[in-house]
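Listing of query-v7.cif, mmCIF, C-alpha atoms
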```
data_start
loop_
_atom_site.group_PDB
_atom_site.id
_atom_site.type_symbol
_atom_site.label_atom_id
_atom_site.label_comp_id
_atom_site.auth_asym_id
_atom_site.auth_seq_id
_atom_site.Cartn_x
_atom_site.Cartn_y
_atom_site.Cartn_z
ATOM 1 C CA MET K 4 0.000 0.000 0.000
ATOM 2 C CA LYS K 5 1.405 3.309 -1.059
ATOM 3 C CA GLN K 6 2.198 6.248 1.148
ATOM 4 C CA ILE K 7 -0.360 9.014 0.717
ATOM 5 C CA LEU K 8 0.585 12.652 0.476
ATOM 6 C CA ILE K 9 -1.898 15.252 1.672
ATOM 7 C CA PHE K 10 -2.191 17.969 -0.925
ATOM 8 C CA PHE K 11 -5.138 19.810 -2.439
ATOM 9 C CA GLY K 12 -6.278 16.797 -4.426
ATOM 10 C CA MET K 13 -7.464 13.949 -2.265
ATOM 11 C CA ILE K 14 -9.004 11.232 -4.392
ATOM 12 C CA SER K 15 -8.297 8.097 -2.396
ATOM 13 C CA PHE K 16 -4.903 6.992 -2.694
ATOM 14 C CA ILE K 17 -4.189 3.427 -2.336
ATOM 15 C CA ALA K 18 -1.542 1.768 -4.343
ATOM 16 C CA CYS K 19 -1.372 -0.585 -6.642
ATOM 17 C CA THR K 20 -40.612 3.222 -15.147
ATOM 18 C CA GLY K 21 -40.965 5.943 -17.351
ATOM 19 C CA GLN K 22 -38.885 5.893 -20.484
ATOM 20 C CA THR K 23 -38.699 9.580 -21.401
ATOM 21 C CA ASP K 24 -34.988 10.077 -21.915
ATOM 22 C CA ILE K 25 -33.100 13.336 -21.806
ATOM 23 C CA ALA K 26 -30.704 12.450 -24.628
ATOM 24 C CA GLN K 27 -27.220 13.837 -25.124
ATOM 25 C CA LYS K 28 -27.524 17.368 -26.465
ATOM 26 C CA SER K 29 -25.154 19.486 -28.495
ATOM 27 C CA SER K 30 -24.818 21.685 -25.407
ATOM 28 C CA THR K 31 -24.365 19.610 -22.278
ATOM 29 C CA PRO K 32 -25.892 21.127 -19.109
ATOM 30 C CA ASP K 33 -23.721 21.593 -16.055
ATOM 31 C CA GLU K 34 -25.634 19.072 -13.943
ATOM 32 C CA LEU K 35 -28.477 16.598 -13.707
ATOM 33 C CA VAL K 36 -30.781 16.716 -10.684
ATOM 34 C CA ALA K 37 -32.948 13.949 -9.237
ATOM 35 C CA ASP K 38 -35.442 14.408 -6.404
ATOM 36 C CA ASN K 39 -37.766 11.669 -5.157
ATOM 37 C CA GLY K 40 -39.324 13.623 -2.316
ATOM 38 C CA THR K 41 -36.870 12.183 0.205
ATOM 39 C CA LEU K 42 -33.464 13.053 -1.271
ATOM 40 C CA THR K 43 -32.120 15.536 -3.789
ATOM 41 C CA VAL K 44 -29.103 14.244 -5.745
ATOM 42 C CA LYS K 45 -26.990 16.193 -8.235
ATOM 43 C CA PHE K 46 -24.557 14.870 -10.845
ATOM 44 C CA ASP K 47 -21.861 17.248 -12.095
ATOM 45 C CA LEU K 48 -21.615 16.926 -15.884
ATOM 46 C CA THR K 49 -18.621 19.267 -15.917
ATOM 47 C CA ARG K 50 -16.790 16.634 -13.853
ATOM 48 C CA GLY K 51 -17.563 13.265 -15.371
ATOM 49 C CA GLY K 52 -21.087 13.036 -13.989
ATOM 50 C CA ALA K 53 -19.852 12.269 -10.474
ATOM 51 C CA ILE K 54 -22.235 12.735 -7.537
ATOM 52 C CA SER K 55 -21.677 16.267 -6.296
ATOM 53 C CA TRP K 56 -24.646 16.781 -3.972
ATOM 54 C CA ILE K 57 -26.891 14.725 -1.690
ATOM 55 C CA SER K 58 -29.343 16.505 0.584
ATOM 56 C CA LEU K 59 -32.679 15.921 2.201
ATOM 57 C CA THR K 60 -35.401 17.184 -0.125
ATOM 58 C CA GLY K 61 -36.203 20.816 0.550
ATOM 59 C CA THR K 62 -32.931 21.574 2.319
ATOM 60 C CA GLN K 63 -29.811 23.352 1.062
ATOM 61 C CA ARG K 64 -27.127 21.412 2.932
ATOM 62 C CA SER K 65 -25.243 18.855 0.866
ATOM 63 C CA LEU K 66 -23.531 15.943 2.613
ATOM 64 C CA VAL K 67 -20.876 15.545 -0.138
ATOM 65 C CA ASN K 68 -17.496 17.312 -0.005
ATOM 66 C CA ILE K 69 -16.485 18.824 -3.371
ATOM 67 C CA ALA K 70 -13.468 20.963 -2.425
ATOM 68 C CA ASP K 71 -11.377 19.654 -5.341
ATOM 69 C CA GLU K 72 -11.375 17.097 -8.151
ATOM 70 C CA GLY K 73 -10.217 14.370 -5.779
ATOM 71 C CA ARG K 74 -13.400 14.497 -3.671
ATOM 72 C CA TYR K 75 -17.059 13.952 -4.673
ATOM 73 C CA ILE K 76 -18.497 10.417 -4.824
ATOM 74 C CA GLN K 77 -16.705 8.928 -7.787
ATOM 75 C CA GLN K 78 -15.047 6.028 -9.535
ATOM 76 C CA SER K 79 -11.307 5.556 -9.056
ATOM 77 C CA TYR K 80 -9.206 2.550 -10.081
ATOM 78 C CA TYR K 81 -5.570 1.415 -9.978
ATOM 79 C CA ALA K 82 -3.527 -0.748 -12.334
ATOM 80 C CA GLY K 83 0.098 -1.457 -13.087
ATOM 81 C CA LYS K 84 3.357 -0.337 -11.535
ATOM 82 C CA SER K 85 3.975 2.983 -9.826
ATOM 83 C CA LEU K 86 6.156 5.098 -12.116
ATOM 84 C CA ASP K 87 8.081 8.344 -11.920
ATOM 85 C CA ARG K 88 6.730 10.287 -14.901
ATOM 86 C CA LYS K 89 7.611 13.825 -13.842
ATOM 87 C CA ALA K 90 9.423 14.322 -17.161
ATOM 88 C CA ASP K 91 6.092 13.652 -18.898
ATOM 89 C CA GLY K 92 4.155 16.161 -16.814
ATOM 90 C CA GLN K 93 3.359 14.090 -13.751
ATOM 91 C CA SER K 94 2.667 16.036 -10.565
ATOM 92 C CA PRO K 95 5.672 15.843 -8.208
ATOM 93 C CA SER K 96 3.160 15.511 -5.377
ATOM 94 C CA TRP K 97 1.882 12.249 -6.875
ATOM 95 C CA SER K 98 5.070 10.573 -8.055
ATOM 96 C CA PRO K 99 5.696 7.729 -8.462
ATOM 97 C CA TRP K 100 2.118 6.660 -9.221
ATOM 98 C CA PRO K 101 0.284 3.820 -11.029
ATOM 99 C CA TRP K 102 -2.271 4.067 -13.825
ATOM 100 C CA ASN K 103 -5.129 5.754 -11.950
ATOM 101 C CA PRO K 104 -8.192 6.845 -13.956
ATOM 102 C CA ILE K 105 -10.705 8.838 -11.935
ATOM 103 C CA GLN K 106 -14.123 10.166 -12.832
ATOM 104 C CA VAL K 107 -13.942 13.862 -11.933
ATOM 105 C CA GLY K 108 -10.581 15.163 -13.137
ATOM 106 C CA ASP K 109 -6.862 15.202 -12.438
ATOM 107 C CA ALA K 110 -4.619 16.727 -9.771
ATOM 108 C CA PHE K 111 -4.123 19.758 -12.057
ATOM 109 C CA ARG K 112 -7.921 20.349 -12.074
ATOM 110 C CA ASN K 113 -8.433 19.300 -15.682
ATOM 111 C CA ARG K 114 -11.826 17.620 -15.905
ATOM 112 C CA ALA K 115 -13.221 14.445 -17.417
ATOM 113 C CA LYS K 116 -15.187 14.661 -20.663
ATOM 114 C CA ILE K 117 -18.834 13.593 -20.769
ATOM 115 C CA LEU K 118 -19.662 11.273 -23.671
ATOM 116 C CA ASP K 119 -23.312 10.575 -22.915
ATOM 117 C CA TYR K 120 -26.007 11.151 -20.323
ATOM 118 C CA LYS K 121 -29.640 10.125 -19.943
ATOM 119 C CA GLN K 122 -32.312 10.625 -17.315
ATOM 120 C CA THR K 123 -35.570 8.720 -16.936
ATOM 121 C CA SER K 124 -38.249 8.902 -14.269
ATOM 122 C CA ASP K 125 -36.357 6.469 -12.036
ATOM 123 C CA SER K 126 -32.708 6.436 -13.137
ATOM 124 C CA LEU K 127 -29.748 8.480 -14.344
ATOM 125 C CA TYR K 128 -26.916 7.406 -16.637
ATOM 126 C CA VAL K 129 -23.596 9.092 -17.389
ATOM 127 C CA LYS K 130 -20.573 8.085 -19.456
ATOM 128 C CA CYS K 131 -17.222 9.844 -19.507
ATOM 129 C CA ILE K 132 -13.563 9.623 -20.444
ATOM 130 C CA PRO K 133 -11.743 9.718 -17.085
ATOM 131 C CA MET K 134 -8.503 11.519 -16.384
ATOM 132 C CA GLN K 135 -5.256 10.042 -15.084
ATOM 133 C CA TRP K 136 -5.022 11.561 -11.628
ATOM 134 C CA ASP K 137 -1.274 12.241 -11.451
ATOM 135 C CA MET K 138 -0.772 13.471 -15.019
ATOM 136 C CA ASN K 139 -1.429 16.960 -16.427
ATOM 137 C CA ASN K 140 -4.422 16.831 -18.786
ATOM 138 C CA ARG K 141 -3.913 13.194 -19.783
ATOM 139 C CA PRO K 142 -7.207 11.400 -20.521
ATOM 140 C CA ALA K 143 -7.124 7.725 -19.624
ATOM 141 C CA GLU K 144 -7.535 5.082 -22.294
ATOM 142 C CA ALA K 145 -10.844 4.027 -20.812
ATOM 143 C CA GLU K 146 -14.493 4.932 -20.376
ATOM 144 C CA MET K 147 -16.481 5.050 -17.157
ATOM 145 C CA GLU K 148 -20.217 4.500 -17.003
ATOM 146 C CA GLN K 149 -22.534 5.007 -14.041
ATOM 147 C CA TRP K 150 -26.178 4.009 -13.571
ATOM 148 C CA THR K 151 -27.937 5.494 -10.527
ATOM 149 C CA PHE K 152 -31.341 4.489 -9.157
ATOM 150 C CA LEU K 153 -32.948 6.543 -6.396
ATOM 151 C CA LYS K 154 -35.569 4.971 -4.121
ATOM 152 C CA GLU K 155 -36.602 6.520 -0.825
ATOM 153 C CA ASN K 156 -33.358 7.147 1.136
ATOM 154 C CA VAL K 157 -31.158 4.770 -0.929
ATOM 155 C CA LEU K 158 -29.017 5.349 -4.006
ATOM 156 C CA THR K 159 -28.265 2.133 -5.881
ATOM 157 C CA ILE K 160 -25.264 2.747 -8.126
ATOM 158 C CA ARG K 161 -23.722 0.487 -10.749
ATOM 159 C CA ASN K 162 -20.274 1.476 -12.009
ATOM 160 C CA GLN K 163 -18.465 0.132 -15.050
ATOM 161 C CA LEU K 164 -14.923 0.715 -16.317
ATOM 162 C CA THR K 165 -14.001 -0.272 -19.882
ATOM 163 C CA ILE K 166 -10.218 -0.308 -20.404
ATOM 164 C CA HIS K 167 -8.378 -0.256 -23.747
ATOM 165 C CA ARG K 168 -4.830 0.714 -22.794
ATOM 166 C CA THR K 169 -2.122 0.732 -25.456
ATOM 167 C CA ASP K 170 0.783 1.702 -23.180
ATOM 168 C CA ASN K 171 3.657 -0.642 -22.424
ATOM 169 C CA ILE K 172 5.013 1.178 -19.385
ATOM 170 C CA TYR K 173 2.744 0.257 -16.477
ATOM 171 C CA GLY K 174 2.668 -3.482 -17.054
ATOM 172 C CA ASP K 175 -0.313 -5.786 -16.764
ATOM 173 C CA SER K 176 -1.728 -8.546 -14.542
ATOM 174 C CA ILE K 177 -0.844 -6.721 -11.295
ATOM 175 C CA LEU K 178 -3.118 -7.137 -8.291
ATOM 176 C CA CYS K 179 -4.098 -3.768 -6.787
ATOM 177 C CA ASP K 180 -6.424 -2.503 -4.097
ATOM 178 C CA GLN K 181 -9.465 -0.845 -5.653
ATOM 179 C CA GLU K 182 -11.716 1.768 -4.067
ATOM 180 C CA LEU K 183 -15.263 0.626 -4.748
ATOM 181 C CA PRO K 184 -15.919 3.590 -4.735
ATOM 182 C CA ALA K 185 -14.239 6.702 -3.250
ATOM 183 C CA VAL K 186 -16.757 8.592 -1.075
ATOM 184 C CA TYR K 187 -16.163 11.965 0.604
ATOM 185 C CA PRO K 188 -18.820 12.990 3.144
ATOM 186 C CA ILE K 189 -18.549 16.420 4.755
ATOM 187 C CA SER K 190 -16.429 16.539 7.928
ATOM 188 C CA ALA K 191 -19.436 17.824 9.874
ATOM 189 C CA LEU K 192 -20.357 14.136 9.793
ATOM 190 C CA LYS K 193 -17.525 13.454 12.227
ATOM 191 C CA ASN K 194 -18.392 10.159 13.949
ATOM 192 C CA LEU K 195 -17.401 6.900 12.283
ATOM 193 C CA VAL K 196 -19.751 3.959 12.846
ATOM 194 C CA THR K 197 -19.862 0.368 11.588
ATOM 195 C CA TYR K 198 -20.112 -3.172 12.934
ATOM 196 C CA LEU K 199 -16.881 -5.021 13.778
ATOM 197 C CA GLY K 200 -18.225 -7.797 15.978
ATOM 198 C CA PRO K 201 -18.678 -11.589 15.566
ATOM 199 C CA LYS K 202 -22.447 -11.622 14.858
ATOM 200 C CA PRO K 203 -23.091 -9.720 11.618
ATOM 201 C CA PHE K 204 -26.620 -8.927 10.498
ATOM 202 C CA SER K 205 -28.045 -9.711 13.924
ATOM 203 C CA ASN K 206 -28.574 -6.112 15.175
ATOM 204 C CA ASP K 207 -25.666 -6.635 17.561
ATOM 205 C CA THR K 208 -24.152 -3.549 19.202
ATOM 206 C CA LEU K 209 -22.538 -1.157 16.720
ATOM 207 C CA SER K 210 -18.838 -0.247 16.749
ATOM 208 C CA LYS K 211 -17.539 3.324 16.885
ATOM 209 C CA PRO K 212 -13.872 3.285 15.822
ATOM 210 C CA LYS K 213 -11.610 6.225 16.551
ATOM 211 C CA VAL K 214 -11.454 8.476 13.499
ATOM 212 C CA MET K 215 -7.971 8.294 11.978
ATOM 213 C CA HIS K 216 -6.643 11.445 10.308
ATOM 214 C CA LEU K 217 -4.856 11.331 6.976
ATOM 215 C CA GLU K 218 -2.317 13.948 8.017
ATOM 216 C CA ASN K 219 -1.196 11.657 10.853
ATOM 217 C CA GLY K 220 -0.066 8.958 8.424
ATOM 218 C CA PHE K 221 -2.976 7.414 6.550
ATOM 219 C CA TRP K 222 -6.671 6.726 6.623
ATOM 220 C CA GLY K 223 -7.873 4.101 9.071
ATOM 221 C CA ARG K 224 -7.622 0.559 7.729
ATOM 222 C CA TYR K 225 -10.372 -1.921 8.611
ATOM 223 C CA GLU K 226 -9.700 -5.499 7.550
ATOM 224 C CA ASN K 227 -12.908 -7.197 8.724
ATOM 225 C CA VAL K 228 -16.131 -5.250 8.343
ATOM 226 C CA PRO K 229 -18.604 -8.160 8.308
ATOM 227 C CA GLU K 230 -21.752 -6.147 7.521
ATOM 228 C CA ASN K 231 -20.027 -4.558 4.485
ATOM 229 C CA TRP K 232 -20.773 -0.929 5.413
ATOM 230 C CA MET K 233 -19.364 2.078 7.222
ATOM 231 C CA ALA K 234 -20.984 5.439 7.978
ATOM 232 C CA PHE K 235 -20.132 8.931 9.104
ATOM 233 C CA VAL K 236 -22.811 10.584 11.258
ATOM 234 C CA ASP K 237 -23.245 13.739 13.314
ATOM 235 C CA ASP K 238 -23.932 13.870 17.044
ATOM 236 C CA ASN K 239 -27.630 13.259 16.336
ATOM 237 C CA HIS K 240 -26.714 9.981 14.585
ATOM 238 C CA PHE K 241 -27.731 11.343 11.172
ATOM 239 C CA GLY K 242 -25.476 10.871 8.175
ATOM 240 C CA MET K 243 -24.308 8.781 5.229
ATOM 241 C CA ALA K 244 -23.546 5.055 4.979
ATOM 242 C CA VAL K 245 -21.635 3.306 2.182
ATOM 243 C CA TYR K 246 -22.608 -0.345 1.621
ATOM 244 C CA ASN K 247 -20.807 -2.668 -0.798
ATOM 245 C CA PRO K 248 -21.696 -6.367 -0.414
ATOM 246 C CA LEU K 249 -18.426 -7.327 -2.163
ATOM 247 C CA CYS K 250 -16.207 -5.765 0.480
ATOM 248 C CA THR K 251 -15.222 -6.584 4.050
ATOM 249 C CA ARG K 252 -12.154 -4.312 3.880
ATOM 250 C CA PHE K 253 -12.553 -0.543 4.171
ATOM 251 C CA LEU K 254 -10.525 2.631 4.384
ATOM 252 C CA ALA K 255 -12.068 5.476 6.350
ATOM 253 C CA GLY K 256 -11.001 8.616 8.138
ATOM 254 C CA MET K 257 -10.806 12.385 8.057
ATOM 255 C CA ALA K 258 -8.492 15.010 6.607
ATOM 256 C CA GLY K 259 -8.450 18.303 8.444
ATOM 257 C CA VAL K 260 -10.838 19.243 11.220
ATOM 258 C CA PRO K 261 -14.415 18.146 11.926
ATOM 259 C CA GLY K 262 -17.369 20.474 11.565
ATOM 260 C CA LYS K 263 -16.820 21.601 7.957
ATOM 261 C CA GLU K 264 -19.135 21.602 4.949
ATOM 262 C CA ALA K 265 -19.233 20.780 1.236
ATOM 263 C CA ALA K 266 -16.798 23.378 -0.109
ATOM 264 C CA ASP K 267 -14.303 23.284 2.776
ATOM 265 C CA GLY K 268 -10.842 21.722 2.636
ATOM 266 C CA ALA K 269 -11.540 19.348 5.524
ATOM 267 C CA THR K 270 -13.381 16.155 4.621
ATOM 268 C CA SER K 271 -14.405 12.726 5.803
ATOM 269 C CA TYR K 272 -13.678 9.679 3.632
ATOM 270 C CA ILE K 273 -14.984 6.122 3.173
ATOM 271 C CA ALA K 274 -13.911 3.545 0.592
ATOM 272 C CA PRO K 275 -14.861 -0.128 0.436
ATOM 273 C CA VAL K 276 -11.701 -1.876 -0.803
ATOM 274 C CA LYS K 277 -11.127 -5.079 -2.764
ATOM 275 C CA LYS K 278 -8.061 -6.457 -4.545
ATOM 276 C CA GLU K 279 -8.567 -6.875 -8.289
ATOM 277 C CA ILE K 280 -6.464 -7.174 -11.442
ATOM 278 C CA LEU K 281 -7.547 -4.675 -14.086
ATOM 279 C CA TYR K 282 -6.148 -5.942 -17.358
ATOM 280 C CA LYS K 283 -5.133 -3.615 -20.200
ATOM 281 C CA ASN K 284 -8.169 -4.655 -22.225
ATOM 282 C CA SER K 285 -11.018 -5.499 -19.892
ATOM 283 C CA VAL K 286 -14.338 -4.471 -18.391
ATOM 284 C CA TYR K 287 -14.879 -4.199 -14.642
ATOM 285 C CA GLU K 288 -18.212 -3.466 -12.973
ATOM 286 C CA TYR K 289 -19.737 -3.526 -9.507
ATOM 287 C CA GLU K 290 -22.746 -2.239 -7.587
ATOM 288 C CA TYR K 291 -22.890 -0.376 -4.290
ATOM 289 C CA TYR K 292 -25.306 1.687 -2.196
ATOM 290 C CA ILE K 293 -25.354 5.096 -0.513
ATOM 291 C CA VAL K 294 -27.879 5.292 2.342
ATOM 292 C CA ILE K 295 -28.923 8.537 4.071
ATOM 293 C CA GLY K 296 -30.674 8.800 7.432
ATOM 294 C CA THR K 297 -30.282 8.006 11.091
ATOM 295 C CA LEU K 298 -28.116 5.070 12.130
ATOM 296 C CA ASP K 299 -31.172 2.928 12.845
ATOM 297 C CA GLU K 300 -32.733 3.822 9.501
ATOM 298 C CA MET K 301 -29.548 3.170 7.548
ATOM 299 C CA ARG K 302 -28.812 -0.169 9.190
ATOM 300 C CA GLU K 303 -32.398 -1.340 8.708
ATOM 301 C CA ARG K 304 -32.226 -0.440 5.024
ATOM 302 C CA ILE K 305 -28.880 -2.213 4.588
ATOM 303 C CA TYR K 306 -30.332 -5.372 6.158
ATOM 304 C CA GLU K 307 -33.237 -5.164 3.699
ATOM 305 C CA LEU K 308 -30.810 -4.803 0.792
ATOM 306 C CA LYS K 309 -28.860 -7.849 1.935
ATOM 307 C CA ILE K 310 -32.019 -9.976 2.025
ATOM 308 C CA LYS K 311 -33.179 -8.643 -1.347
ATOM 309 C CA ASN K 312 -29.846 -9.426 -3.009
#
```

Please express the file's structure as structure tokens.
Amino acid sequence: MKQILIFFGMISFIACTGQTDIAQKSSTPDELVADNGTLTVKFDLTRGGAISWISLTGTQRSLVNIADEGRYIQQSYYAGKSLDRKADGQSPSWSPWPWNPIQVGDAFRNRAKILDYKQTSDSLYVKCIPMQWDMNNRPAEAEMEQWTFLKENVLTIRNQLTIHRTDNIYGDSILCDQELPAVYPISALKNLVTYLGPKPFSNDTLSKPKVMHLENGFWGRYENVPENWMAFVDDNHFGMAVYNPLCTRFLAGMAGVPGKEAADGATSYIAPVKKEILYKNSVYEYEYYIVIGTLDEMRERIYELKIKN
């Protein structure tokens, strides 16, 4: 696992059924908005269609940190060897670094290009060309797609990465930790909660790990999260949970101070993590869930999702 440097960009940083479509237009809007009467969700089409806003309907407080292109709720993947490419325009702050396409943009604040977007009465779809995080304005040889379904207080999100790399520098067939996905709640959601006990999915007593700070070395590493979710909540137990049934390993923590909002430099962070090989010509997809509410509401919904799936 690679040492993480804390700079302005903070994308992750592990090593190696109505059918009325809004079709792609000649002039792409800045965002898509979905509101089901419980949640309002916004997708930033100037930044790869990543989730830039989640709030309770009728309120103006987003729970998603968007201070730079490394935040948001977005896809981020790792493949190949970590290389020193400073001579090719790589950021010295992110060198050496592996092939790392991300949905929003790069460390130089160049942004991903939208290829397609659609919105129906119950879903949203976006497709983009991601950027290589460490490189200056270097689109990745890949496409990212994202399907989002909003029901009550749950976002069901399916992500897909299609890779067609032609480079010969990073190598292939290398097992890397993958963030599935990278999620940045606001640091006002300061309390980390999950279940780390021996009786998963039994409503056993929840765990409240100490929040590890990135500037003190790294995010917190959690190797056995048997209910497959972690959440950041405020002192009233309201917040955001990230549930990925594929993952029992998580990274989570905070950068900066608690108590900050969507545009502030401080942020919380959650990423379900799984080791995968992303081959130079391959397709990788997975599904995960964002749940908003009180701890009791979020855990109940996650239990329902487990039974349903």

Exercise for the section: Using only C-alpha atoms, find the one residue out of K:Ala53, K:Val276, K:Ile160, K:Ala265 that sits nearest to Ile117 (chain K). Expected result: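 For Ile117 (chain K), the nearest of the candidates is K:Ala53.
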
Practice task
Enumerate, as JSON, numbers by chain, the residues matched when the PyMOL selection byres ((chain K and resi 101) around 10) is run on the file above.
Solution key: {"K": [17, 18, 19, 80, 81, 82, 83, 84, 85, 86, 87, 88, 97, 98, 99, 100, 102, 103, 104, 135, 136, 137, 172, 173, 174, 179]}

Exercise for the section: Convert the output of the PyMOL selection byres ((chain K and resi 198) around 12) on the shown file into explicit residues, formatted as a VMD selection string. Expected result: chain K and resid 195 to 197 199 to 212 225 to 234 244 246 251 253 298 302

Save out the residues we just selected, C-alpha atoms, as a JSON list (two decimals), in the coordinates of the input.
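To be explicit, this is the file written out as result-v4.json:
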```json
[["chain", "number", "residue", "atom", "x", "y", "z"],
["K", 195, "LEU", "CA", -17.40, 6.90, 12.28],
["K", 196, "VAL", "CA", -19.75, 3.96, 12.85],
["K", 197, "THR", "CA", -19.86, 0.37, 11.59],
["K", 199, "LEU", "CA", -16.88, -5.02, 13.78],
["K", 200, "GLY", "CA", -18.23, -7.80, 15.98],
["K", 201, "PRO", "CA", -18.68, -11.59, 15.57],
["K", 202, "LYS", "CA", -22.45, -11.62, 14.86],
["K", 203, "PRO", "CA", -23.09, -9.72, 11.62],
["K", 204, "PHE", "CA", -26.62, -8.93, 10.50],
["K", 205, "SER", "CA", -28.04, -9.71, 13.92],
["K", 206, "ASN", "CA", -28.57, -6.11, 15.18],
["K", 207, "ASP", "CA", -25.67, -6.64, 17.56],
["K", 208, "THR", "CA", -24.15, -3.55, 19.20],
["K", 209, "LEU", "CA", -22.54, -1.16, 16.72],
["K", 210, "SER", "CA", -18.84, -0.25, 16.75],
["K", 211, "LYS", "CA", -17.54, 3.32, 16.89],
["K", 212, "PRO", "CA", -13.87, 3.28, 15.82],
["K", 225, "TYR", "CA", -10.37, -1.92, 8.61],
["K", 226, "GLU", "CA", -9.70, -5.50, 7.55],
["K", 227, "ASN", "CA", -12.91, -7.20, 8.72],
["K", 228, "VAL", "CA", -16.13, -5.25, 8.34],
["K", 229, "PRO", "CA", -18.60, -8.16, 8.31],
["K", 230, "GLU", "CA", -21.75, -6.15, 7.52],
["K", 231, "ASN", "CA", -20.03, -4.56, 4.49],
["K", 232, "TRP", "CA", -20.77, -0.93, 5.41],
["K", 233, "MET", "CA", -19.36, 2.08, 7.22],
["K", 234, "ALA", "CA", -20.98, 5.44, 7.98],
["K", 244, "ALA", "CA", -23.55, 5.06, 4.98],
["K", 246, "TYR", "CA", -22.61, -0.34, 1.62],
["K", 251, "THR", "CA", -15.22, -6.58, 4.05],
["K", 253, "PHE", "CA", -12.55, -0.54, 4.17],
["K", 298, "LEU", "CA", -28.12, 5.07, 12.13],
["K", 302, "ARG", "CA", -28.81, -0.17, 9.19]]
```

Practice task
Starting from the shown file, work through the PyMOL selection byres ((chain K and resi 55) around 6) and note down what comes out as a list in words.
Solution key: Lys45, Phe46, Asp47, Ile54, Trp56 and Tyr75 of chain K

Handout entry: Residue among K:Gln122, K:Glu182, K:Tyr292, K:Tyr306 lying closest to Leu158 (chain K), counting only C-alpha atoms
Key = K:Tyr292

Practice task
State, in Å with one decimal place, the distance from CA of Asn162 (chain K) to CA of Pro184 (chain K).
Solution key: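 We find that CA of Asn162 (chain K) and CA of Pro184 (chain K) lie 8.7 Å from each other.
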
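Across K:Thr165, K:Gln106, K:Gln93, K:Thr159, the tightest approach to Arg141 (chain K) is made by K:Gln93 when counting all atoms listed in the file.
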
Practice task
Determine the nearest neighbour of Ile273 (chain K) from the options K:Val286, K:Ile305, K:Val67, K:Ile166, counting only C-alpha atoms.
Solution key: K:Val67

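Of the listed residues K:Val294, K:Met243, K:Ile189, K:Ala110, the one whose atoms come nearest to Gly92 (chain K) is K:Ala110, with distances taken using only C-alpha atoms.
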
Fill in the blank from the handout: Counting all atoms listed in the file, the residue among K:Gln63, K:Asn312, K:Thr297, K:Gln163 that lies closest to Ser79 (chain K) is K:Gln163

Exercise for the section: Take CA of Lys309 (chain K) and CA of Tyr187 (chain K) and report the distance between them in Å, one decimal. Expected result: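 Going from CA of Lys309 (chain K) over to CA of Tyr187 (chain K), I get 23.6 Å.
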